[in-house]
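Heads up, query_29.cif below (mmCIF, C-alpha atoms):
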data_model
loop_
_atom_site.group_PDB
_atom_site.id
_atom_site.type_symbol
_atom_site.label_atom_id
_atom_site.label_comp_id
_atom_site.auth_asym_id
_atom_site.auth_seq_id
_atom_site.Cartn_x
_atom_site.Cartn_y
_atom_site.Cartn_z
ATOM 1 C CA MET M 1 15.916 -25.536 -92.054
ATOM 2 C CA ILE M 2 16.617 -21.999 -90.826
ATOM 3 C CA GLU M 3 18.458 -22.004 -87.515
ATOM 4 C CA LEU M 4 16.832 -20.481 -84.446
ATOM 5 C CA LEU M 5 18.342 -18.249 -81.816
ATOM 6 C CA ASP M 6 16.138 -18.565 -78.764
ATOM 7 C CA THR M 7 16.093 -15.179 -77.001
ATOM 8 C CA HIS M 8 13.928 -16.334 -74.114
ATOM 9 C CA GLN M 9 15.285 -19.524 -72.576
ATOM 10 C CA HIS M 10 14.423 -19.907 -68.919
ATOM 11 C CA LEU M 11 16.291 -22.410 -66.772
ATOM 12 C CA LEU M 12 15.339 -23.619 -63.299
ATOM 13 C CA TYR M 13 18.129 -25.287 -61.348
ATOM 14 C CA ARG M 14 16.409 -26.183 -58.111
ATOM 15 C CA ASP M 15 19.512 -27.756 -56.580
ATOM 16 C CA SER M 16 21.226 -24.365 -56.696
ATOM 17 C CA LEU M 17 18.482 -21.698 -56.659
ATOM 18 C CA THR M 18 14.923 -21.177 -55.443
ATOM 19 C CA TYR M 19 11.923 -19.829 -57.372
ATOM 20 C CA ALA M 20 9.012 -19.049 -55.051
ATOM 21 C CA TRP M 21 6.736 -17.866 -57.885
ATOM 22 C CA ALA M 22 6.858 -21.299 -59.558
ATOM 23 C CA ASP M 23 6.077 -23.350 -56.474
ATOM 24 C CA ASP M 24 2.308 -23.053 -56.962
ATOM 25 C CA LEU M 25 2.362 -24.022 -60.652
ATOM 26 C CA PRO M 26 2.179 -27.821 -60.999
ATOM 27 C CA ALA M 27 3.749 -27.765 -64.469
ATOM 28 C CA LEU M 28 6.855 -26.074 -63.067
ATOM 29 C CA ALA M 29 6.995 -26.920 -59.373
ATOM 30 C CA GLU M 30 7.852 -30.584 -59.409
ATOM 31 C CA ARG M 31 11.317 -30.547 -60.953
ATOM 32 C CA GLY M 32 14.104 -28.504 -62.446
ATOM 33 C CA PHE M 33 14.475 -27.484 -66.080
ATOM 34 C CA THR M 34 18.081 -27.687 -67.177
ATOM 35 C CA VAL M 35 20.192 -27.144 -70.265
ATOM 36 C CA ALA M 36 20.245 -30.905 -70.793
ATOM 37 C CA ASP M 37 16.432 -31.003 -70.710
ATOM 38 C CA TYR M 38 16.209 -28.148 -73.200
ATOM 39 C CA GLN M 39 18.686 -29.705 -75.582
ATOM 40 C CA ALA M 40 16.850 -33.023 -75.510
ATOM 41 C CA LEU M 41 13.613 -31.278 -76.488
ATOM 42 C CA THR M 42 15.220 -29.296 -79.316
ATOM 43 C CA ALA M 43 17.638 -31.896 -80.653
ATOM 44 C CA ASP M 44 15.947 -32.066 -84.072
ATOM 45 C CA ARG M 45 14.550 -28.512 -84.182
ATOM 46 C CA ALA M 46 17.630 -26.591 -85.448
ATOM 47 C CA VAL M 47 18.085 -24.404 -82.377
ATOM 48 C CA ALA M 48 21.617 -23.119 -82.864
ATOM 49 C CA ALA M 49 21.995 -21.096 -79.663
ATOM 50 C CA THR M 50 20.127 -19.479 -76.792
ATOM 51 C CA ILE M 51 20.048 -16.335 -74.727
ATOM 52 C CA PHE M 52 19.082 -17.071 -71.143
ATOM 53 C CA MET M 53 16.227 -14.962 -69.817
ATOM 54 C CA GLU M 54 16.104 -14.276 -66.089
ATOM 55 C CA VAL M 55 13.378 -16.308 -64.442
ATOM 56 C CA ASP M 56 12.758 -14.248 -61.303
ATOM 57 C CA ALA M 57 14.841 -16.399 -58.997
ATOM 58 C CA ASP M 58 14.571 -15.437 -55.349
ATOM 59 C CA ASP M 59 18.197 -14.275 -55.503
ATOM 60 C CA TYR M 60 18.546 -12.691 -58.934
ATOM 61 C CA ARG M 61 22.238 -11.910 -58.537
ATOM 62 C CA ALA M 62 23.020 -15.516 -57.686
ATOM 63 C CA GLU M 63 20.986 -16.571 -60.720
ATOM 64 C CA THR M 64 23.043 -14.404 -63.068
ATOM 65 C CA ARG M 65 26.321 -15.632 -61.599
ATOM 66 C CA PHE M 66 25.202 -19.261 -61.784
ATOM 67 C CA VAL M 67 23.992 -19.118 -65.379
ATOM 68 C CA SER M 68 27.105 -17.185 -66.389
ATOM 69 C CA GLU M 69 29.101 -20.254 -65.406
ATOM 70 C CA LEU M 70 26.813 -22.417 -67.537
ATOM 71 C CA ALA M 71 27.381 -20.046 -70.449
ATOM 72 C CA ARG M 72 31.137 -20.466 -70.199
ATOM 73 C CA LYS M 73 30.728 -24.079 -71.340
ATOM 74 C CA PRO M 74 30.407 -24.009 -75.163
ATOM 75 C CA GLY M 75 28.371 -27.192 -75.288
ATOM 76 C CA ASN M 76 25.532 -25.449 -73.468
ATOM 77 C CA LYS M 77 25.088 -23.050 -76.439
ATOM 78 C CA ILE M 78 24.186 -20.124 -74.167
ATOM 79 C CA ILE M 79 25.669 -17.097 -75.920
ATOM 80 C CA GLY M 80 24.309 -14.388 -73.654
ATOM 81 C CA LEU M 81 22.196 -13.597 -70.601
ATOM 82 C CA ILE M 82 19.366 -11.171 -69.991
ATOM 83 C CA SER M 83 19.802 -10.528 -66.300
ATOM 84 C CA SER M 84 17.318 -9.368 -63.714
ATOM 85 C CA CYS M 85 17.845 -5.914 -62.237
ATOM 86 C CA ARG M 86 16.196 -3.353 -59.989
ATOM 87 C CA PRO M 87 16.205 0.043 -61.775
ATOM 88 C CA GLU M 88 13.701 1.448 -59.288
ATOM 89 C CA ALA M 89 16.446 1.824 -56.662
ATOM 90 C CA ASP M 90 19.761 3.640 -56.986
ATOM 91 C CA VAL M 91 21.335 1.763 -54.085
ATOM 92 C CA GLY M 92 23.506 -0.999 -55.504
ATOM 93 C CA PHE M 93 22.356 -0.462 -59.075
ATOM 94 C CA ASP M 94 25.594 0.887 -60.521
ATOM 95 C CA ALA M 95 27.535 -1.823 -58.725
ATOM 96 C CA TRP M 96 25.316 -4.470 -60.303
ATOM 97 C CA LEU M 97 25.846 -3.037 -63.780
ATOM 98 C CA GLU M 98 29.578 -3.014 -63.139
ATOM 99 C CA GLU M 99 29.598 -6.647 -62.056
ATOM 100 C CA CYS M 100 27.489 -7.668 -65.051
ATOM 101 C CA SER M 101 29.946 -5.948 -67.393
ATOM 102 C CA SER M 102 32.390 -8.771 -66.625
ATOM 103 C CA LEU M 103 29.744 -11.442 -67.250
ATOM 104 C CA PRO M 104 28.122 -12.527 -70.556
ATOM 105 C CA VAL M 105 25.150 -10.226 -69.896
ATOM 106 C CA VAL M 106 23.695 -8.698 -73.072
ATOM 107 C CA GLY M 107 20.609 -7.119 -71.574
ATOM 108 C CA TYR M 108 18.379 -6.731 -68.553
ATOM 109 C CA ARG M 109 14.788 -7.242 -67.534
ATOM 110 C CA ARG M 110 12.647 -6.168 -64.611
ATOM 111 C CA ILE M 111 9.328 -7.966 -64.156
ATOM 112 C CA LEU M 112 6.784 -5.163 -64.576
ATOM 113 C CA HIS M 113 3.458 -6.904 -65.125
ATOM 114 C CA GLU M 114 3.232 -7.929 -61.475
ATOM 115 C CA VAL M 115 4.340 -4.711 -59.745
ATOM 116 C CA PRO M 116 2.619 -1.326 -59.285
ATOM 117 C CA ASP M 117 2.270 0.632 -62.521
ATOM 118 C CA GLU M 118 4.017 3.617 -60.968
ATOM 119 C CA MET M 119 7.339 1.765 -60.748
ATOM 120 C CA SER M 120 8.360 2.223 -64.372
ATOM 121 C CA ARG M 121 6.919 5.754 -64.468
ATOM 122 C CA ALA M 122 9.375 6.992 -61.844
ATOM 123 C CA GLU M 123 12.286 9.077 -63.099
ATOM 124 C CA THR M 124 14.791 7.007 -61.096
ATOM 125 C CA PHE M 125 13.637 3.909 -62.973
ATOM 126 C CA ARG M 126 13.923 5.590 -66.366
ATOM 127 C CA GLN M 127 17.319 7.108 -65.611
ATOM 128 C CA ASN M 128 18.686 3.711 -64.644
ATOM 129 C CA VAL M 129 17.259 2.068 -67.749
ATOM 130 C CA ARG M 130 19.018 4.729 -69.805
ATOM 131 C CA LYS M 131 22.267 3.813 -68.026
ATOM 132 C CA MET M 132 21.901 0.298 -69.466
ATOM 133 C CA GLY M 133 21.503 1.778 -72.915
ATOM 134 C CA ARG M 134 24.657 3.863 -72.551
ATOM 135 C CA GLN M 135 26.499 0.615 -71.862
ATOM 136 C CA GLY M 136 25.126 -0.853 -75.089
ATOM 137 C CA LYS M 137 22.712 -3.177 -73.318
ATOM 138 C CA VAL M 138 19.112 -3.964 -74.247
ATOM 139 C CA PHE M 139 16.155 -3.690 -71.882
ATOM 140 C CA ASP M 140 13.404 -6.294 -72.266
ATOM 141 C CA MET M 141 9.990 -4.973 -71.261
ATOM 142 C CA VAL M 142 7.277 -7.278 -69.970
ATOM 143 C CA PHE M 143 3.887 -5.595 -69.615
ATOM 144 C CA ARG M 144 0.318 -6.879 -69.748
ATOM 145 C CA ALA M 145 -1.938 -5.803 -72.602
ATOM 146 C CA ASP M 146 -3.697 -3.309 -70.323
ATOM 147 C CA GLN M 147 -0.325 -1.718 -69.503
ATOM 148 C CA LEU M 148 0.891 -1.090 -73.042
ATOM 149 C CA GLY M 149 0.314 2.643 -72.652
ATOM 150 C CA ILE M 150 2.811 2.552 -69.781
ATOM 151 C CA ALA M 151 5.208 0.530 -71.937
ATOM 152 C CA HIS M 152 4.939 3.165 -74.650
ATOM 153 C CA ASP M 153 5.713 5.948 -72.185
ATOM 154 C CA LEU M 154 8.753 4.111 -70.838
ATOM 155 C CA ALA M 155 10.075 3.447 -74.325
ATOM 156 C CA ALA M 156 9.424 7.028 -75.458
ATOM 157 C CA ASN M 157 11.492 8.272 -72.521
ATOM 158 C CA CYS M 158 14.358 5.891 -73.328
ATOM 159 C CA ASP M 159 14.624 6.601 -77.022
ATOM 160 C CA ASP M 160 18.409 6.391 -77.383
ATOM 161 C CA MET M 161 18.596 2.638 -76.778
ATOM 162 C CA THR M 162 16.979 -0.623 -77.860
ATOM 163 C CA LEU M 163 14.002 -2.016 -75.984
ATOM 164 C CA VAL M 164 12.297 -5.348 -76.639
ATOM 165 C CA LEU M 165 8.614 -5.941 -75.911
ATOM 166 C CA ASP M 166 8.340 -9.485 -74.574
ATOM 167 C CA HIS M 167 5.537 -11.943 -75.285
ATOM 168 C CA CYS M 168 3.830 -9.825 -77.958
ATOM 169 C CA GLY M 169 2.634 -7.479 -75.223
ATOM 170 C CA VAL M 170 0.761 -10.277 -73.400
ATOM 171 C CA PRO M 171 -2.511 -10.353 -75.364
ATOM 172 C CA ASP M 172 -5.587 -11.928 -73.780
ATOM 173 C CA ILE M 173 -5.864 -14.689 -76.365
ATOM 174 C CA ALA M 174 -8.150 -16.800 -74.205
ATOM 175 C CA SER M 175 -10.892 -14.169 -74.423
ATOM 176 C CA GLY M 176 -10.648 -13.848 -78.192
ATOM 177 C CA GLU M 177 -10.635 -10.071 -77.862
ATOM 178 C CA MET M 178 -7.950 -8.230 -79.814
ATOM 179 C CA GLU M 179 -8.735 -4.684 -78.684
ATOM 180 C CA PRO M 180 -7.301 -2.617 -77.124
ATOM 181 C CA TRP M 181 -4.192 -4.782 -77.492
ATOM 182 C CA LYS M 182 -4.230 -4.444 -81.284
ATOM 183 C CA SER M 183 -4.357 -0.641 -81.303
ATOM 184 C CA ASN M 184 -1.746 -0.350 -78.575
ATOM 185 C CA ILE M 185 0.659 -2.627 -80.436
ATOM 186 C CA SER M 186 0.219 -0.480 -83.536
ATOM 187 C CA ARG M 187 1.108 2.577 -81.468
ATOM 188 C CA ILE M 188 4.174 1.200 -79.695
ATOM 189 C CA ALA M 189 5.498 -0.266 -82.937
ATOM 190 C CA GLN M 190 5.748 3.273 -84.290
ATOM 191 C CA LEU M 191 8.731 3.771 -81.966
ATOM 192 C CA PRO M 192 11.639 2.638 -84.159
ATOM 193 C CA HIS M 193 13.880 1.641 -81.245
ATOM 194 C CA VAL M 194 11.376 -0.947 -79.936
ATOM 195 C CA THR M 195 11.539 -4.549 -81.145
ATOM 196 C CA GLY M 196 8.772 -7.112 -80.645
ATOM 197 C CA LYS M 197 9.403 -10.588 -79.314
ATOM 198 C CA LEU M 198 7.313 -13.485 -80.623
ATOM 199 C CA SER M 199 7.159 -15.511 -77.438
ATOM 200 C CA GLY M 200 4.849 -16.614 -74.664
ATOM 201 C CA VAL M 201 1.623 -16.564 -76.655
ATOM 202 C CA LEU M 202 0.606 -20.197 -76.176
ATOM 203 C CA ALA M 203 0.483 -19.627 -72.421
ATOM 204 C CA TYR M 204 -2.242 -16.999 -72.955
ATOM 205 C CA CYS M 205 -4.576 -19.344 -74.823
ATOM 206 C CA ALA M 206 -7.622 -20.938 -73.236
ATOM 207 C CA GLU M 207 -7.110 -24.340 -71.661
ATOM 208 C CA GLY M 208 -6.878 -26.959 -74.388
ATOM 209 C CA ARG M 209 -6.942 -24.283 -77.118
ATOM 210 C CA ALA M 210 -3.233 -23.523 -77.548
ATOM 211 C CA SER M 211 -2.865 -23.843 -81.297
ATOM 212 C CA HIS M 212 -1.679 -22.302 -84.545
ATOM 213 C CA GLU M 213 -5.186 -21.009 -85.231
ATOM 214 C CA ALA M 214 -5.530 -19.375 -81.823
ATOM 215 C CA VAL M 215 -2.315 -17.341 -81.996
ATOM 216 C CA LYS M 216 -2.130 -16.590 -85.723
ATOM 217 C CA PRO M 217 -4.113 -13.287 -85.663
ATOM 218 C CA TYR M 218 -1.822 -11.952 -82.953
ATOM 219 C CA ILE M 219 1.415 -13.009 -84.632
ATOM 220 C CA ASP M 220 0.168 -11.649 -87.953
ATOM 221 C CA HIS M 221 -0.513 -8.281 -86.337
ATOM 222 C CA MET M 222 2.949 -8.218 -84.767
ATOM 223 C CA ILE M 223 4.516 -8.913 -88.161
ATOM 224 C CA GLU M 224 2.403 -6.226 -89.822
ATOM 225 C CA CYS M 225 3.265 -3.603 -87.212
ATOM 226 C CA PHE M 226 6.915 -4.294 -86.464
ATOM 227 C CA THR M 227 7.804 -5.846 -89.859
ATOM 228 C CA PRO M 228 10.202 -8.807 -90.028
ATOM 229 C CA SER M 229 13.158 -6.454 -89.475
ATOM 230 C CA ARG M 230 12.116 -5.703 -85.877
ATOM 231 C CA LEU M 231 11.025 -9.054 -84.493
ATOM 232 C CA VAL M 232 12.844 -11.791 -82.599
ATOM 233 C CA TRP M 233 11.763 -15.232 -81.448
ATOM 234 C CA GLY M 234 11.743 -16.774 -77.987
ATOM 235 C CA SER M 235 10.658 -20.122 -76.589
ATOM 236 C CA ASP M 236 9.569 -19.025 -73.094
ATOM 237 C CA TRP M 237 10.463 -22.550 -72.016
ATOM 238 C CA PRO M 238 9.475 -24.023 -69.611
ATOM 239 C CA VAL M 239 6.607 -21.547 -69.036
ATOM 240 C CA VAL M 240 5.253 -22.725 -72.405
ATOM 241 C CA ASN M 241 4.493 -26.002 -70.613
ATOM 242 C CA LEU M 242 1.560 -24.349 -68.834
ATOM 243 C CA LYS M 243 -0.540 -24.805 -71.983
ATOM 244 C CA SER M 244 1.630 -26.650 -74.520
ATOM 245 C CA GLU M 245 5.202 -27.846 -75.021
ATOM 246 C CA LEU M 246 8.373 -26.521 -76.582
ATOM 247 C CA PRO M 247 8.569 -28.682 -79.749
ATOM 248 C CA THR M 248 4.967 -27.757 -80.557
ATOM 249 C CA TRP M 249 5.671 -24.035 -80.194
ATOM 250 C CA ILE M 250 8.729 -24.281 -82.446
ATOM 251 C CA ASP M 251 6.686 -26.040 -85.121
ATOM 252 C CA ILE M 252 3.850 -23.500 -84.836
ATOM 253 C CA PHE M 253 6.295 -20.602 -85.074
ATOM 254 C CA ARG M 254 7.837 -21.968 -88.245
ATOM 255 C CA GLU M 255 4.376 -22.422 -89.759
ATOM 256 C CA LEU M 256 3.378 -18.864 -88.824
ATOM 257 C CA ILE M 257 6.298 -17.286 -90.676
ATOM 258 C CA ALA M 258 6.360 -19.744 -93.587
ATOM 259 C CA GLU M 259 4.759 -17.291 -96.016
ATOM 260 C CA LEU M 260 7.540 -14.739 -95.511
ATOM 261 C CA SER M 261 10.605 -14.686 -97.741
ATOM 262 C CA SER M 262 13.589 -16.795 -96.696
ATOM 263 C CA SER M 263 15.532 -13.651 -95.737
ATOM 264 C CA GLU M 264 12.639 -12.406 -93.600
ATOM 265 C CA GLN M 265 12.320 -15.777 -91.894
ATOM 266 C CA ALA M 266 16.042 -15.784 -91.157
ATOM 267 C CA ALA M 267 15.854 -12.265 -89.748
ATOM 268 C CA ILE M 268 13.132 -13.187 -87.247
ATOM 269 C CA SER M 269 14.626 -16.588 -86.471
ATOM 270 C CA ASN M 270 18.139 -15.410 -85.647
ATOM 271 C CA GLY M 271 19.499 -12.426 -87.589
ATOM 272 C CA ASN M 272 17.699 -9.650 -85.753
ATOM 273 C CA ALA M 273 18.552 -11.141 -82.381
ATOM 274 C CA GLN M 274 22.236 -11.367 -83.220
ATOM 275 C CA ARG M 275 22.248 -7.705 -84.218
ATOM 276 C CA ILE M 276 20.094 -6.413 -81.349
ATOM 277 C CA TYR M 277 21.770 -8.316 -78.531
ATOM 278 C CA GLY M 278 25.254 -8.161 -80.044
ATOM 279 C CA VAL M 279 25.869 -11.904 -80.179
ATOM 280 C CA THR M 280 26.943 -14.439 -82.796
ATOM 281 C CA PHE M 281 26.803 -18.201 -83.107
#

Output the file's structure as structure tokens, nothing else.
Amino acid sequence: MIELLDTHQHLLYRDSLTYAWADDLPALAERGFTVADYQALTADRAVAATIFMEVDADDYRAETRFVSELARKPGNKIIGLISSCRPEADVGFDAWLEECSSLPVVGYRRILHEVPDEMSRAETFRQNVRKMGRQGKVFDMVFRADQLGIAHDLAANCDDMTLVLDHCGVPDIASGEMEPWKSNISRIAQLPHVTGKLSGVLAYCAEGRASHEAVKPYIDHMIECFTPSRLVWGSDWPVVNLKSELPTWIDIFRELIAELSSSEQAAISNGNAQRIYGVTF
């Protein structure tokens, strides 16, 4: 079985941090989601290592510092962090990059699908994203399907670094409509420095309809546009619990790429992520 490198592992440690956004989601609000929980769910699924993805904690700096300590324990199998940041403001930004340079941070993300569209269009934002690139860090982009034109513009203005488009560009799978998402994915995939992330899609299915069949057209299009050389995989756990569960998503993912060659499967499953984020396991 080809080993997986999960590039989108969320963790919620409610004894140490707070997450206001999750308090109104019954699937996430009632308890924490720890490394031990994750490892129990993936014990027989050949997940070799993970990259922690910021989960919009109320204090994002404290989150990065806390998870960095978890990553220092080899048994946790966390080989890197994608930290939250605030590129829209110069104040404190350089200091945050400097602090993160001494932590196992391999990239950054700013939640952009829940803020005004103008944020990522501002030159201050783009200049600060480019600073990350000059440090050899990756920027993960999270935009809704209706914002993919904005994602394209951001990426086109940061063309000397690697950017990763999270969650397949957040397609509206529940509606069954593929346009304009399909055309916009084709367009953004033409930028060679952008990588697609196969993650999050089960959460966008209709209630009770999260399945292989529901997500296959979207994953197929991602593979066609980005090719197996520019795709990575992520669990989006525990957000996946909103419509499904982690073991199910892992099994569906393996089925979706089963027709690819073994080298292509390995590239999507772990090889591309090791190269893009600069990690090894």

Name every residue that the PyMOL selection byres ((chain M and resi 156) around 12) selects in this structure, writing the answer as number ranges by chain with chains first and numbers rising.
M: 121, 126, 130, 149-155, 157-163, 187-194

Excluding Met119 in chain M and its own-chain neighbours fewer than 5 positions away, which residues fall within 9 Å of it when counting all atoms listed in the file? Please give them as an mmCIF file with C-alpha atoms, keeping the file's coordinate frame.
data_model
loop_
_atom_site.group_PDB
_atom_site.id
_atom_site.type_symbol
_atom_site.label_atom_id
_atom_site.label_comp_id
_atom_site.auth_asym_id
_atom_site.auth_seq_id
_atom_site.Cartn_x
_atom_site.Cartn_y
_atom_site.Cartn_z
ATOM 1 C CA GLU M 88 13.701 1.448 -59.288
ATOM 2 C CA LEU M 112 6.784 -5.163 -64.576
ATOM 3 C CA PHE M 125 13.637 3.909 -62.973
#

What are the centre and edge lengths in Å, to one decimal, of the axis-aligned box around all listed atoms of range 155-174 of chain M with 4 Å added on each side, as AutoDock Vina command-line options?
--center_x 5.2 --center_y -4.3 --center_z -75.2 --size_x 34.7 --size_y 33.1 --size_z 13.4

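Distance annotation: of M:Val164, M:Gly176, M:Leu97, M:Leu103, the residue with the minimal separation from Arg134 in chain M is M:Leu97; atom set is all atoms listed in the file.
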
The PyMOL selection byres ((chain M and resi 31) around 9) - which residues does that actually catch in the file I just gave you? List them as a PyMOL selection string.
chain M and resi 12-14+27-30+32-33

For Val115 in chain M, please output as JSON, numbers by chain all residues within 10 Å (counting all atoms listed in the file; exclusion window: fewer than 5 positions along the same chain).
{"M": [110, 120, 143]}

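Picture a line from CA of Ser186 in chain M to CA of Gly136 in chain M; it runs 26.3 Å.
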
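Omitting Gly278 in chain M and its sequence neighbours fewer than 2 positions away, and counting only C-alpha atoms, the residues within 10 Å are Ile79, Gly80, Val106, Gly107, Gly136, Lys137, Val138, Asn272, Ala273, Gln274, Arg275, Ile276 and Thr280 of chain M.
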
Taking (-8.4, -13.1, -85.0) in the file's coordinates as the center, which residues reach within 9 Å of it, counting only C-alpha atoms, put as JSON, numbers by chain?
{"M": [176, 177, 178, 213, 214, 215, 216, 217, 218]}

So how far away is CA of Val67 in chain M from CA of Val55 in chain M, in Å?
11.0 Å

Translate the PyMOL selection byres ((chain M and resi 205) around 9) into a concrete residue list for this structure, as a PyMOL selection string.
chain M and resi 172-176+201-204+206-211+214-215+243

Can I get the selected residues back with C-alpha atoms, as an mmCIF file, in the frame of the given file?
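result.cif, written as the output of this step:
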data_model
loop_
_atom_site.group_PDB
_atom_site.id
_atom_site.type_symbol
_atom_site.label_atom_id
_atom_site.label_comp_id
_atom_site.auth_asym_id
_atom_site.auth_seq_id
_atom_site.Cartn_x
_atom_site.Cartn_y
_atom_site.Cartn_z
ATOM 1 C CA ASP M 172 -5.587 -11.928 -73.780
ATOM 2 C CA ILE M 173 -5.864 -14.689 -76.365
ATOM 3 C CA ALA M 174 -8.150 -16.800 -74.205
ATOM 4 C CA SER M 175 -10.892 -14.169 -74.423
ATOM 5 C CA GLY M 176 -10.648 -13.848 -78.192
ATOM 6 C CA VAL M 201 1.623 -16.564 -76.655
ATOM 7 C CA LEU M 202 0.606 -20.197 -76.176
ATOM 8 C CA ALA M 203 0.483 -19.627 -72.421
ATOM 9 C CA TYR M 204 -2.242 -16.999 -72.955
ATOM 10 C CA ALA M 206 -7.622 -20.938 -73.236
ATOM 11 C CA GLU M 207 -7.110 -24.340 -71.661
ATOM 12 C CA GLY M 208 -6.878 -26.959 -74.388
ATOM 13 C CA ARG M 209 -6.942 -24.283 -77.118
ATOM 14 C CA ALA M 210 -3.233 -23.523 -77.548
ATOM 15 C CA SER M 211 -2.865 -23.843 -81.297
ATOM 16 C CA ALA M 214 -5.530 -19.375 -81.823
ATOM 17 C CA VAL M 215 -2.315 -17.341 -81.996
ATOM 18 C CA LYS M 243 -0.540 -24.805 -71.983
#

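The space separating CA of Gly196 in chain M from CA of Asp24 in chain M comes to 29.3 Å.
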
Around the point (10.7, -17.4, -55.7), in the coordinates given by the file, pick out the residues reaching within 6 Å, counting only C-alpha atoms, and return them as a ChimeraX atom specification.
/M:18-21,57-58

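Nearest to Tyr277 in chain M of all the residues M:Asp6, M:Glu118, M:Asp90, M:Glu54 is M:Asp6, based on only C-alpha atoms.
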
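Among the candidates M:Ile250, M:Ile78, M:Val240, M:Ala22, the one nearest to Ala43 in chain M when counting all atoms listed in the file is M:Ile250.
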
Have a look at M:Ala71, M:Ala267, M:Leu242, M:Leu198 and name the one nearest to Ser229 in chain M; count all atoms listed in the file.
M:Ala267

His113 in chain M: which residues within 10 Å, counting only C-alpha atoms, same-chain residues fewer than 4 positions away excluded, as number ranges by chain?
M: 117, 141-147, 170

With all atoms listed in the file as the counted atoms, please give the residues lying no more than 8 Å from Cys85 in chain M, apart from itself and same-chain residues fewer than 3 positions off, as a JSON list (two decimals) with C-alpha atoms, in the frame of the given file.
[["chain", "number", "residue", "atom", "x", "y", "z"],
["M", 60, "TYR", "CA", 18.55, -12.69, -58.93],
["M", 93, "PHE", "CA", 22.36, -0.46, -59.08],
["M", 96, "TRP", "CA", 25.32, -4.47, -60.30],
["M", 108, "TYR", "CA", 18.38, -6.73, -68.55],
["M", 109, "ARG", "CA", 14.79, -7.24, -67.53],
["M", 110, "ARG", "CA", 12.65, -6.17, -64.61]]
